[in-house]
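K.L.:
Let me begin by handing over the structure; questions about it come next.
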Amino acid sequence: MTDKADQPTLKAAILKKKRETYTPVVPDMQLGFVHNNVDCIGCRACEIACKDKNGLPPGPRFRRVQYVEGGIYPEVFAFKINMSCNHCAEPACLPTCPTGAIFKRKDNGVVDIDSTLCIGCRKCEAACPFGAPQFNVELNIVQKCNMCIDELEAGRKPYCVSACMMRVLDIGPINELRDGTYETKAVGPNDSVVRQVKSMADPELTDPSIVFVAHSKGRMDNG
Amino acid sequence: MIGKPDLTRLAALLTPTRRAFLQATAATTATALIGGRATPAQAFAYEPYPRDDDLTTVVTSCAHNCGSRHMLVAHKKGDVIVRLSTDNGTYQGDAYGTDTEEKPQLRACLRGRSYRVRLYSPERLLYPMKRVGKRGEGKFKRISWDQALSEISERMVYLRDKYGPTALLDQAYAGASYGVLHKSDQIEGLQARFLGMFGCRTNSWSVPSYQGTTSSSRWTFGTIQDGNEDDAYAHTKLMIMWGWNPAYTFHGGNTFYYLRMAKQRGCKFVVIDPQYTDSAAAYDAWWIPIRPNTDAAMMAGMAYYIFDKGLQDQAFIDRFVQGMDAGTMPDWAKGQESFKDYILGVSDGVPKTPEWASEICGVPAADIIKLADMYATTKPAALKASWAPGRAAFGEQYNRMAAALQAMTGNIGVLGGCAEGVGKGWHPESVAYPYDQNANIWYASIKSDRWAHIVLNYPNVTRVEAGLWPRSDNLDGVIPNIRGIFWQGSDWLNQLTNINKEIEAIRKLEAEGDSESLLVCLDATITPTGIWADYLLPSCTHFERHDVALPWYKGHYYIHRPKVIEPLGESKTDFQIFTELAYRLGFGPAYNPKADRSYFDYNDAVDEAYLFDWWSKVQFNQGVTWSWEEFKAHGVYKFVLPEPHVAFREQIEQGKPFETSSGKIEIFSTELAQVQDWTLTRWGEYIPAIPKWIEPWESLNHPKTKDFPFHMITPHPRWRTHSIFNNIGWLRETFSQETTINASDAKRLGLQTGDTVEIWNERGKVITPVYVTERCMPGVVVLHEGSWMDIDENGVDRSGNPDFLTLDNPSPAGAFAYNTLLVDVKKTELNHRPGWDQLATARSHIFRRDQ
């Protein structure tokens with residue numbers, strides 16, 4: 001079990017939380033993910049690398065590769081949507097936290113949970129439209145992706161990105177990812193990126209820091 | 001896209017900002033809160049948390065038998081590995097993130113990334129164990145090494161002296177390691193050498209994975225080194241993936257990634273497979289569903305179209321090929337049937353037209369024509385004939401037919417073409433332990449899936465049934481009297497065909513008394529095979545011993561594998577165990593010439609000496625300038641080839657002869673055409689000298705479909721390597737053992753995804769959940785091989801292992817018939833037992849969003 005914070009710390013955190021609820025941190029640079037829905041083979045090496053890095057038991061999954069398929073035999077299609085935490089500009093999880101354990105980092109916009117403050121109430125889990133917060137039964141707290149903040153600070157990319165065998169998952173400054181000025185192998189020479197794909201919650205809810213190379217059947221403007 | 005790959009900028013942006021920020025806030029944390037500024041909390045979320053840079057970092061690799069080999073980087077604290085990462089480009093001496101086409105990163109797959117769980121799993125074997133219950137009951141007690149090795153060696157001598165030099169069956173396989181020093185393998189393995197020198201060994205010659213392909217490649221090209229290195233794929237314009245799903249197998253170091261490059265460069269993809277695989281999806285392929293086991297017929301239809309339209313590369317054929325048509329038949333065989341004669345129906349009156357093929361394979365004739373036209377007119381084009389369709393009755397004919405298509409279109413020996421086949425590419429220096437006149441000695445060699453048949457019917461077994469490899473001494477044709485099995489890095493009881501028959505064979509041995517047989521299993525974990533053993537010997541994993549990893553299939557690199565941690569429990573390396581046994585049996589010094597008796601306790605210096613000598617060979621033969629110490633310091637050596645390695649480039653560009661007896665690509669096989677008595681060959685049955693379509697024993701075209709309407713195929717899963725990793729919770733959470741069935745079939749049977757079904761035929765019955773999808777051909781069910789058998793009181797396998805249903809008849813050329821079986825399916829009340837708790841199962845969370 002994680003050691004719990006003492007009462008004064010908890011009170012200070014709650015005060016801080018009240019201040020930050022309605023004025024989310026505006027980071028110096030917001031980092032975000034990019035994923036190529038088409039070229040991804042769905043191997044889940046990213047998921048397992050994440051589990052290993054974060055020492056998770058079976059159950060909580062910070063990163064989730066979702067399989068989408070459709071059509072009628074033999075005219076079928078399939079693609080993958082790969083998400084962890086989207087480190088939103090306006091995180092829905094953050095204001096729900098009764099103890100102020102959830103915070104957004106000023107320097108890179110990473111949304112993180114201070115485990116010493118988490119009481120495992122799971123409100124954030126219910127609030128997130130993308131299913132990012134994961135309840136860890138063994139620790140009785142909620143945990144989630146922190147973009148491998150220790151790796152970022154060491155000048156390296158997160159474990160999931162470094163694990164990607166197809167080089168279809170990457171991170172970068174979200175503004176540059178959105179306007180296509182950030183060079184990444186995740187985006188092919190003929191690809192463009194979108195903020196939303198089918199079967200994904202409306203990005204207007206929280207302004208998630210993620211873009212996708214969408215499958216033709218996954219594009220919002222297709223049918 | 002503009003700008004450069006921006007790792008350094010990203011790092012520079014992040015590192016000083018964050019650090020400076022922390023320094024600034026550290027002094028004022030208390031006031032920061034009071035002051036009302038929005039500040040991130042200092043506490044890292046998962047304290048105490050060892051960061052990579054605080055841990056000892058050791059480069060090593062994965063080790064299981066998948067055809068790839070990727071880098072694992074162990075981060076350890078003391079003697080415990082707390083985390084694994086993979087290649088990031090720095091270890092070879094380049095900048096962080098270096099990942100070029102010539103020198104790509106060797107990123108491990110999901111199985112490799114889960115290795116820490118396997119290493120520390122509750123299923124690890126830590127002490128020698130002796131069976132105390134009945135065989136298969138799973139009751140063992142811990143014994144000392146001394147007792148285990150004494151009892152085993154005494155029984156070995158007894159069995160050899162009483163039952164002769166064929167009494168012990170070698171069933172080593174590649175599960176323990178493909179390292180240069182500690183190797184489990186039928187030919188180059190440690191056990192093969194050990195049993196051979198002991199003077200009692202029956203070898204298993206047919207390779208379960210790809211014997212059809214191996215036979216084909218040897219007949220056609222005279223070698224199994226018919227593979228391109230995987231970067232050559234990036235240069236093809238048309239990629240026909242025949243039964244090939246690299247998105248599941250991860251075959252080759254970066255094959256799937258180079259295929260993505262090909263796609264970005266305009267390559268078109270075609271997938272011929274009963275399933276719309278993830279490879280088909282990722283490469284946006286034209287999917288041609290085909291009835292299982294009918295591939296050779298479809299290829300014959302393509303060949304007909306190409307001959308009929310005159311699209312073949314006649315200049316290539318005339319120069320390099322034997323027996324493609326009447327003009328290229330050898331003088332000694334003039335007038336015999338050529339491949340073209342067969343295809344056009346000159347000899348048998350049946351032209352193998354696309355319409356003829358369509359009746360058999362179920363692919364519309366128009367699609368066969370379209371594909372044949374694409375393949376014949378796109379230059380260069382790669383027809384990658386994978387192993388899976390060859391794991392069938394007469395599977396070798398599929399591979400030979402593919403070789404004929406590759407040859408007739410002139411796509412052999414050219415960049416962007418493909419002659420695979422087996423597909424072994426660049427040739428590494430692969431052996432560090434003594435590989436001498438004592439390697440691979442055997443006194444009988446059988447088709448690997450015939451052992452149970454031999455045991456059950458001995459001595460009333462013919463050499464044809466056993467698939468005996470001929471010998472030139474008085475042991476030729478002598479049926480082995482198998483009284484014991486040694487499993488090293490092998491789960492063959494679980495992985496060969498017709499498991500119920502194998503169990504019957506073990507029961508027969510048992511009935512003759514404990515002293516009359518011997519089953520020994522060396523492995524790092526308990527396995528379904530180990531459950532049946534008399535002695536379990538704990539071998540340590542590759543993290544616990546010194547070795548060098550190499551890719552055995554594709555890829556040109558070596559990865560150093562130091563002893564990362566001390567061996568767990570009382571586990572020893574395979575080499576230590578065999579050396580000590582050899583000392584007890586009297587040939588220790590010859591078996592392990594660099595060691596003395598103390599090797600069982602102190603192996604580090606000897607292993608280092610073997611590896612140092614091996615590295616000298618690398619330096620001398622492969623022009624590597626790094627010293628052994630430099631290699632060890634880096635942990636990885638990646639060769640940069642001047643151009644992508646393409647098989648047979650020298651033959652085509654410089655006229656060097658092929659390694660066949662004619663020096664040509666033998667579509668008409670000299671070896672096969674000159675056989676006088678088939679019963680005296682290892683194949684036992686007639687095999688035509690040219691590729692032909694031969695009706696398999698069972699298929700969707702067979703009358704037996706009245707009783708068993710579904711054709712089952714049993715491909716490799718993504719979340720296991722055969723049966724390895726079946727016990728890993730992380731992997732069981734990502735995918736589950738389930739039967740894939742087409743939606744219209746499921747509707748007829750009243751099945752929905754998540755229902756449990758029983759699947760049976762005359763050989764056995766298994767229970768699995770079902771996954772209903774439009775991505776599978778109607779009439780076909782898919783069940784991945786390798787789940788750990790779990791037999792209930794009625795003999796039903798609750799784990800869903802398809803090898804309870806497969807047939808133990810090998811194809812004439814030795815191909816396992818893993819994909820030749822008809823079954824029936826129905827909903828059941830019986831429970832599926834996955835073996836471990838399933839806390840969450842994601843694979844079944846497939847979303848349909850188009851309705």
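Just so we're on the same page: first chain in the structure tokens is A, next is B, and so on; residues restart at 1 for each chain, and ligands are numbered from 1 in the order they show up.
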Quick one: everything within 10 Å of Leu205 (chain A), counting only C-alpha atoms, minus sequence neighbours fewer than 2 positions away in the same chain. Send it as a ChimeraX atom specification.

P.N.:
/A:88-92,128-129,201-203,207-208

K.L.:
Write out, as a PDB file, in the first residue's frame, the residues just selected, with C-alpha atoms.

P.N.:
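So the final result, stored in out-v6.pdb, reads:
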```
ATOM      1  CA  CYS A  88      -6.748  16.725 -21.726  1.00  0.00           C
ATOM      2  CA  ALA A  89      -6.557  20.495 -21.748  1.00  0.00           C
ATOM      3  CA  GLU A  90      -9.687  20.472 -19.589  1.00  0.00           C
ATOM      4  CA  PRO A  91      -9.528  17.138 -17.775  1.00  0.00           C
ATOM      5  CA  ALA A  92     -12.927  15.878 -16.658  1.00  0.00           C
ATOM      6  CA  CYS A 128     -13.504  10.373 -17.842  1.00  0.00           C
ATOM      7  CA  PRO A 129     -15.148   9.993 -21.252  1.00  0.00           C
ATOM      8  CA  ALA A 201     -16.236  10.634 -27.233  1.00  0.00           C
ATOM      9  CA  ASP A 202     -16.654  14.209 -28.433  1.00  0.00           C
ATOM     10  CA  PRO A 203     -13.321  16.008 -28.033  1.00  0.00           C
ATOM     11  CA  ASP A 207     -10.089  18.837 -25.402  1.00  0.00           C
ATOM     12  CA  PRO A 208      -8.008  15.632 -25.360  1.00  0.00           C
TER      13      PRO A 208
END
```

K.L.:
Check every residue of chain A for an atom within 7 Å of chain B, counting only C-alpha atoms, and provide those that qualify as number ranges by chain.

P.N.:
A: 16, 20, 25, 38-41, 43-45, 48-49, 52-53, 58-59, 67-70, 72-73, 76-79, 103-107, 112-115, 150, 152-156, 162-163, 165-166, 180-184, 188, 199

K.L.:
Those residues with N, CA and C atoms, as a compact mmCIF listing (two decimals), in the first residue's frame please?

P.N.:
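Saved to out.txt:
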```txt
# COMPACT_ATOMS: atom_id res chain seq x y z
N LYS A 16 -6.15 23.61 -2.58
CA LYS A 16 -5.53 23.81 -3.89
C LYS A 16 -6.46 23.33 -4.98
N GLU A 20 -8.08 25.18 -8.34
CA GLU A 20 -7.71 24.77 -9.70
C GLU A 20 -8.88 24.21 -10.49
N VAL A 25 -4.81 24.31 -15.34
CA VAL A 25 -3.45 24.75 -15.66
C VAL A 25 -3.28 24.86 -17.16
N VAL A 38 -4.77 2.86 -38.90
CA VAL A 38 -4.74 1.94 -40.03
C VAL A 38 -3.52 1.03 -39.96
N ASP A 39 -2.35 1.62 -39.80
CA ASP A 39 -1.11 0.84 -39.88
C ASP A 39 -0.83 0.04 -38.61
N CYS A 40 -1.54 0.34 -37.55
CA CYS A 40 -1.36 -0.40 -36.29
C CYS A 40 -1.80 -1.85 -36.51
N ILE A 41 -0.94 -2.81 -36.14
CA ILE A 41 -1.32 -4.21 -36.29
C ILE A 41 -2.04 -4.72 -35.05
N CYS A 43 -0.89 -5.24 -31.94
CA CYS A 43 -0.14 -6.31 -31.26
C CYS A 43 -0.11 -6.14 -29.76
N ARG A 44 -0.37 -4.94 -29.27
CA ARG A 44 -0.43 -4.66 -27.83
C ARG A 44 0.92 -4.73 -27.14
N ALA A 45 2.01 -4.64 -27.88
CA ALA A 45 3.32 -4.54 -27.21
C ALA A 45 3.34 -3.31 -26.32
N ILE A 48 1.68 -4.09 -22.97
CA ILE A 48 2.46 -4.94 -22.06
C ILE A 48 3.68 -4.17 -21.55
N ALA A 49 4.29 -3.35 -22.41
CA ALA A 49 5.41 -2.53 -21.96
C ALA A 49 4.96 -1.62 -20.84
N ASP A 52 4.44 -3.57 -17.59
CA ASP A 52 5.73 -3.92 -16.99
C ASP A 52 6.36 -2.70 -16.35
N LYS A 53 6.32 -1.59 -17.06
CA LYS A 53 6.92 -0.35 -16.54
C LYS A 53 6.25 0.06 -15.23
N PRO A 58 -2.72 -8.01 -13.61
CA PRO A 58 -3.80 -8.11 -14.59
C PRO A 58 -5.00 -7.35 -14.04
N GLY A 59 -5.69 -6.63 -14.87
CA GLY A 59 -6.81 -5.81 -14.42
C GLY A 59 -6.66 -4.40 -14.94
N TYR A 67 -10.19 -2.81 -30.67
CA TYR A 67 -10.36 -3.37 -32.00
C TYR A 67 -11.72 -2.96 -32.54
N VAL A 68 -11.72 -2.41 -33.71
CA VAL A 68 -12.98 -2.06 -34.37
C VAL A 68 -13.04 -2.87 -35.66
N GLU A 69 -14.15 -3.52 -35.90
CA GLU A 69 -14.30 -4.24 -37.16
C GLU A 69 -15.74 -4.12 -37.63
N GLY A 70 -15.94 -4.35 -38.90
CA GLY A 70 -17.29 -4.25 -39.43
C GLY A 70 -17.35 -4.79 -40.84
N ILE A 72 -19.73 -6.99 -43.90
CA ILE A 72 -20.32 -8.32 -44.01
C ILE A 72 -19.43 -9.13 -44.93
N TYR A 73 -19.14 -10.37 -44.53
CA TYR A 73 -18.26 -11.24 -45.32
C TYR A 73 -18.67 -11.22 -46.79
N VAL A 76 -15.17 -6.77 -45.60
CA VAL A 76 -14.99 -6.45 -44.20
C VAL A 76 -13.87 -5.43 -44.02
N PHE A 77 -13.84 -4.83 -42.87
CA PHE A 77 -12.73 -3.94 -42.56
C PHE A 77 -12.40 -4.09 -41.08
N ALA A 78 -11.26 -3.62 -40.70
CA ALA A 78 -10.86 -3.66 -39.29
C ALA A 78 -9.80 -2.61 -39.06
N PHE A 79 -9.86 -1.98 -37.91
CA PHE A 79 -8.79 -1.06 -37.53
C PHE A 79 -8.71 -0.98 -36.01
N PHE A 103 -3.68 16.25 -10.68
CA PHE A 103 -3.14 17.57 -11.02
C PHE A 103 -2.61 17.56 -12.44
N LYS A 104 -2.50 18.73 -12.99
CA LYS A 104 -1.99 18.86 -14.35
C LYS A 104 -0.67 19.59 -14.28
N ARG A 105 0.34 19.05 -14.91
CA ARG A 105 1.67 19.64 -14.83
C ARG A 105 1.77 20.88 -15.71
N LYS A 106 2.44 21.86 -15.16
CA LYS A 106 2.55 23.15 -15.85
C LYS A 106 3.48 23.06 -17.05
N ASP A 107 4.54 22.28 -16.93
CA ASP A 107 5.56 22.33 -17.99
C ASP A 107 5.16 21.57 -19.24
N ASP A 112 -1.74 13.95 -13.91
CA ASP A 112 -1.15 12.91 -13.08
C ASP A 112 -1.96 12.77 -11.79
N ILE A 113 -1.79 11.64 -11.15
CA ILE A 113 -2.46 11.40 -9.87
C ILE A 113 -1.41 11.22 -8.79
N ASP A 114 -1.54 11.97 -7.72
CA ASP A 114 -0.66 11.78 -6.57
C ASP A 114 -1.24 10.65 -5.73
N SER A 115 -0.59 9.50 -5.79
CA SER A 115 -1.15 8.30 -5.14
C SER A 115 -1.25 8.45 -3.64
N ASP A 150 8.89 10.14 -15.68
CA ASP A 150 10.31 9.99 -15.36
C ASP A 150 11.15 9.82 -16.62
N LEU A 152 10.27 11.08 -19.60
CA LEU A 152 10.27 12.39 -20.25
C LEU A 152 11.35 13.27 -19.64
N GLU A 153 11.43 13.22 -18.32
CA GLU A 153 12.42 14.07 -17.64
C GLU A 153 13.84 13.64 -17.94
N ALA A 154 13.99 12.36 -18.27
CA ALA A 154 15.32 11.89 -18.64
C ALA A 154 15.60 12.12 -20.12
N GLY A 155 14.64 12.74 -20.84
CA GLY A 155 14.84 13.02 -22.26
C GLY A 155 14.51 11.86 -23.15
N ARG A 156 13.68 10.94 -22.66
CA ARG A 156 13.30 9.80 -23.48
C ARG A 156 11.79 9.76 -23.64
N SER A 162 8.13 3.83 -27.17
CA SER A 162 9.39 3.15 -27.46
C SER A 162 9.18 1.68 -27.78
N ALA A 163 8.02 1.15 -27.39
CA ALA A 163 7.75 -0.27 -27.62
C ALA A 163 7.16 -0.53 -28.99
N MET A 165 6.27 -1.59 -32.31
CA MET A 165 7.01 -2.30 -33.34
C MET A 165 6.74 -1.74 -34.72
N MET A 166 5.58 -1.14 -34.90
CA MET A 166 5.23 -0.59 -36.22
C MET A 166 5.52 0.89 -36.31
N GLY A 180 0.40 19.25 -38.23
CA GLY A 180 1.23 18.45 -39.14
C GLY A 180 2.64 18.94 -39.29
N THR A 181 3.13 19.78 -38.37
CA THR A 181 4.50 20.28 -38.50
C THR A 181 5.49 19.46 -37.68
N TYR A 182 4.99 18.49 -36.93
CA TYR A 182 5.90 17.67 -36.12
C TYR A 182 6.17 16.39 -36.87
N GLU A 183 7.44 16.17 -37.20
CA GLU A 183 7.75 14.98 -37.99
C GLU A 183 7.74 13.74 -37.12
N THR A 184 6.95 12.76 -37.52
CA THR A 184 6.87 11.52 -36.77
C THR A 184 6.57 10.37 -37.71
N GLY A 188 2.24 8.77 -41.94
CA GLY A 188 2.90 8.45 -43.20
C GLY A 188 2.89 9.64 -44.14
N SER A 199 -16.72 6.27 -32.79
CA SER A 199 -16.73 5.50 -31.55
C SER A 199 -15.88 6.13 -30.46
```

K.L.:
Can you list, as a list in words, every protein, DNA or RNA residue that comes within 9 Å of Asp170 (chain A) when you count only C-alpha atoms, leaving out same-chain residues fewer than 2 positions away?

P.N.:
Gly32, Phe33, Val34, His35, Lys157, Pro158, Cys160, Val161, Ser162, Cys164, Arg167, Val168, Gly172, Thr184, Lys185 and Ala186 of chain A

K.L.:
So, with only C-alpha atoms as the atoms that count, which of B:Arg597, B:Arg319, B:Lys501, B:Arg218 lies closest to Tyr583 (chain B)?

P.N.:
B:Arg597

K.L.:
Give me the residues within 6 Å of Pro128 (chain B) as a list of chain:residue names, counting only C-alpha atoms and dropping any in the same chain fewer than 3 places off.

P.N.:
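The neighbour list is B:Arg142, B:Ile143, B:Leu536, B:Leu537, B:Pro538.
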
K.L.:
Might you pull out every residue within 12 Å of Lys134 (chain B), with only C-alpha atoms counted and same-chain residues fewer than 3 positions away left off, and present them as a PyMOL selection string?

P.N.:
chain B and resi 130-131+137-140+506-507+510-511+513-514+531-534

K.L.:
Can you write out the residues you just picked, keeping N, CA and C atoms, as a PDB file, in the first residue's frame?

P.N.:
```pdb
ATOM      1  N   LYS B 130      10.720 -35.378  -8.470  1.00  0.00           N
ATOM      2  CA  LYS B 130      10.483 -36.754  -8.879  1.00  0.00           C
ATOM      3  C   LYS B 130       9.000 -37.050  -8.741  1.00  0.00           C
ATOM      4  N   ARG B 131       8.481 -37.752  -9.724  1.00  0.00           N
ATOM      5  CA  ARG B 131       7.057 -38.085  -9.709  1.00  0.00           C
ATOM      6  C   ARG B 131       6.763 -39.049  -8.567  1.00  0.00           C
ATOM      7  N   GLU B 137      -0.592 -37.325 -13.310  1.00  0.00           N
ATOM      8  CA  GLU B 137      -1.386 -36.932 -12.154  1.00  0.00           C
ATOM      9  C   GLU B 137      -0.889 -35.611 -11.559  1.00  0.00           C
ATOM     10  N   GLY B 138       0.357 -35.295 -11.850  1.00  0.00           N
ATOM     11  CA  GLY B 138       0.896 -34.014 -11.393  1.00  0.00           C
ATOM     12  C   GLY B 138       1.379 -34.028  -9.959  1.00  0.00           C
ATOM     13  N   LYS B 139       1.730 -35.186  -9.424  1.00  0.00           N
ATOM     14  CA  LYS B 139       2.217 -35.249  -8.045  1.00  0.00           C
ATOM     15  C   LYS B 139       3.722 -35.497  -8.047  1.00  0.00           C
ATOM     16  N   PHE B 140       4.464 -34.579  -7.455  1.00  0.00           N
ATOM     17  CA  PHE B 140       5.919 -34.659  -7.444  1.00  0.00           C
ATOM     18  C   PHE B 140       6.431 -34.348  -6.052  1.00  0.00           C
ATOM     19  N   ILE B 506       1.874 -43.228 -23.658  1.00  0.00           N
ATOM     20  CA  ILE B 506       2.531 -43.114 -22.350  1.00  0.00           C
ATOM     21  C   ILE B 506       1.941 -44.130 -21.372  1.00  0.00           C
ATOM     22  N   ARG B 507       0.620 -44.299 -21.428  1.00  0.00           N
ATOM     23  CA  ARG B 507      -0.028 -45.297 -20.571  1.00  0.00           C
ATOM     24  C   ARG B 507       0.511 -46.711 -20.865  1.00  0.00           C
ATOM     25  N   GLU B 510       3.793 -47.086 -19.251  1.00  0.00           N
ATOM     26  CA  GLU B 510       3.614 -47.162 -17.804  1.00  0.00           C
ATOM     27  C   GLU B 510       3.171 -48.561 -17.368  1.00  0.00           C
ATOM     28  N   ALA B 511       2.328 -49.178 -18.214  1.00  0.00           N
ATOM     29  CA  ALA B 511       1.764 -50.480 -17.847  1.00  0.00           C
ATOM     30  C   ALA B 511       2.845 -51.541 -17.685  1.00  0.00           C
ATOM     31  N   GLY B 513       5.594 -51.215 -16.110  1.00  0.00           N
ATOM     32  CA  GLY B 513       6.372 -51.047 -14.890  1.00  0.00           C
ATOM     33  C   GLY B 513       7.271 -49.830 -14.936  1.00  0.00           C
ATOM     34  N   ASP B 514       7.435 -49.189 -13.794  1.00  0.00           N
ATOM     35  CA  ASP B 514       8.199 -47.950 -13.709  1.00  0.00           C
ATOM     36  C   ASP B 514       9.631 -48.096 -14.198  1.00  0.00           C
ATOM     37  N   ILE B 531       4.152 -32.328 -16.680  1.00  0.00           N
ATOM     38  CA  ILE B 531       3.199 -32.995 -15.775  1.00  0.00           C
ATOM     39  C   ILE B 531       3.297 -34.515 -15.941  1.00  0.00           C
ATOM     40  N   TRP B 532       3.646 -34.975 -17.140  1.00  0.00           N
ATOM     41  CA  TRP B 532       3.674 -36.410 -17.422  1.00  0.00           C
ATOM     42  C   TRP B 532       5.037 -37.044 -17.180  1.00  0.00           C
ATOM     43  N   ALA B 533       6.016 -36.228 -16.787  1.00  0.00           N
ATOM     44  CA  ALA B 533       7.382 -36.739 -16.680  1.00  0.00           C
ATOM     45  C   ALA B 533       7.601 -37.493 -15.375  1.00  0.00           C
ATOM     46  N   ASP B 534       8.687 -38.298 -15.362  1.00  0.00           N
ATOM     47  CA  ASP B 534       9.120 -38.961 -14.129  1.00  0.00           C
ATOM     48  C   ASP B 534      10.042 -38.038 -13.324  1.00  0.00           C
TER      49      ASP B 534
END
```

K.L.:
Distance CA of Asn438 (chain B)-CA of Gly199 (chain B), one decimal place?

P.N.:
10.4 Å

K.L.:
Could you tell me how far CA of Ala315 (chain B) sits from CA of Ile652 (chain B), in Å to one decimal place?

P.N.:
11.8 Å

K.L.:
Select, from B:Lys638, B:His832, B:Arg201, B:Lys141, the residue with the minimum atom-to-atom distance to Pro480 (chain B), counting only C-alpha atoms.

P.N.:
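Selected residue with least distance to Pro480 (chain B): B:Arg201.
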
K.L.:
Which residue is closest to Pro589 (chain B)? Choose from B:Leu125, B:Gly212, B:Trp683, B:Pro434 and count only C-alpha atoms.

P.N.:
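Residue with the minimum atom-to-atom distance to Pro589 (chain B): B:Pro434.
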
K.L.:
Identify, on the basis of only C-alpha atoms, every residue whose closest approach to Asp273 (chain B) does not exceed 12 Å; exclude the query and any residue fewer than 5 positions from it along the same chain; express the result as an MDAnalysis selection string.

P.N.:
(chainID A and resid 74) or (chainID B and resid 240:245 278:280 285:295 361:363 385:386 388:389 713 715 775:777 780 782)

K.L.:
Which polymer residues have any atom within 9 Å of an atom of Thr497 (chain B), counting only C-alpha atoms, with same-chain residues fewer than 4 positions away left out, as a list in words?

P.N.:
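Returned residues: Asp449, Trp492, Leu493, Lys501, Glu502, Pro802, Asp803, Phe804, Leu805, Thr806, Leu807, Asp808, Asn809, Phe816, Ala817 and Tyr818 of chain B.
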
K.L.:
How would the residues just picked look written out with N, CA and C atoms as a compact mmCIF listing (two decimals), in the first residue's frame?

P.N.:
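That gives us again.txt:
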```txt
# COMPACT_ATOMS: atom_id res chain seq x y z
N ASP B 449 5.91 -36.88 -35.68
CA ASP B 449 4.57 -37.10 -35.12
C ASP B 449 4.18 -38.58 -35.12
N TRP B 492 6.33 -31.02 -26.36
CA TRP B 492 5.79 -31.74 -27.51
C TRP B 492 4.57 -32.59 -27.20
N LEU B 493 4.43 -33.03 -25.98
CA LEU B 493 3.23 -33.81 -25.68
C LEU B 493 1.99 -32.95 -25.92
N LYS B 501 -3.83 -39.92 -28.47
CA LYS B 501 -3.03 -41.08 -28.86
C LYS B 501 -1.68 -41.07 -28.15
N GLU B 502 -1.12 -39.87 -27.99
CA GLU B 502 0.15 -39.76 -27.26
C GLU B 502 -0.01 -40.23 -25.82
N PRO B 802 -6.29 -27.43 -29.77
CA PRO B 802 -6.77 -28.09 -31.00
C PRO B 802 -6.06 -29.39 -31.31
N ASP B 803 -4.93 -29.66 -30.67
CA ASP B 803 -4.21 -30.88 -31.01
C ASP B 803 -4.84 -32.13 -30.42
N PHE B 804 -5.93 -31.96 -29.70
CA PHE B 804 -6.73 -33.13 -29.38
C PHE B 804 -7.55 -33.58 -30.60
N LEU B 805 -7.62 -32.72 -31.60
CA LEU B 805 -8.44 -32.99 -32.78
C LEU B 805 -7.62 -33.30 -34.01
N THR B 806 -6.33 -32.92 -34.01
CA THR B 806 -5.52 -33.07 -35.21
C THR B 806 -5.13 -34.53 -35.42
N LEU B 807 -4.74 -34.83 -36.64
CA LEU B 807 -4.42 -36.19 -37.05
C LEU B 807 -2.90 -36.39 -37.03
N ASP B 808 -2.46 -37.56 -36.52
CA ASP B 808 -1.02 -37.78 -36.40
C ASP B 808 -0.44 -38.45 -37.65
N ASN B 809 -1.06 -38.24 -38.78
CA ASN B 809 -0.52 -38.73 -40.04
C ASN B 809 0.32 -37.66 -40.69
N PHE B 816 3.63 -31.79 -41.07
CA PHE B 816 2.59 -32.07 -40.08
C PHE B 816 1.25 -31.62 -40.65
N ALA B 817 0.19 -32.40 -40.34
CA ALA B 817 -1.13 -32.07 -40.88
C ALA B 817 -1.92 -31.24 -39.87
N TYR B 818 -1.28 -30.22 -39.32
CA TYR B 818 -1.92 -29.39 -38.29
C TYR B 818 -3.17 -28.68 -38.82
```

K.L.:
Apply DSSP to the backbone of this structure and, from chain A, keep only the residues in strand (DSSP E); write these as a PyMOL selection string.

P.N.:
chain A and resi 31-36+64-72+75-83+102-104+111-113+134-136+141-143+169-173+210-213

K.L.:
I need the residues of region 426-625 of chain B that end up classed as helix (DSSP H, G or I) by DSSP on the backbone, written out as an MDAnalysis selection string.

P.N.:
chainID B and resid 448:457 463:466 492:495 499:511 514:516 530:532 542:544 574:585 588:591 597:600 604:622

K.L.:
For CA of His64 (chain B) and CA of His427 (chain B), quote the distance in Å rounded to one decimal.

P.N.:
19.4 Å
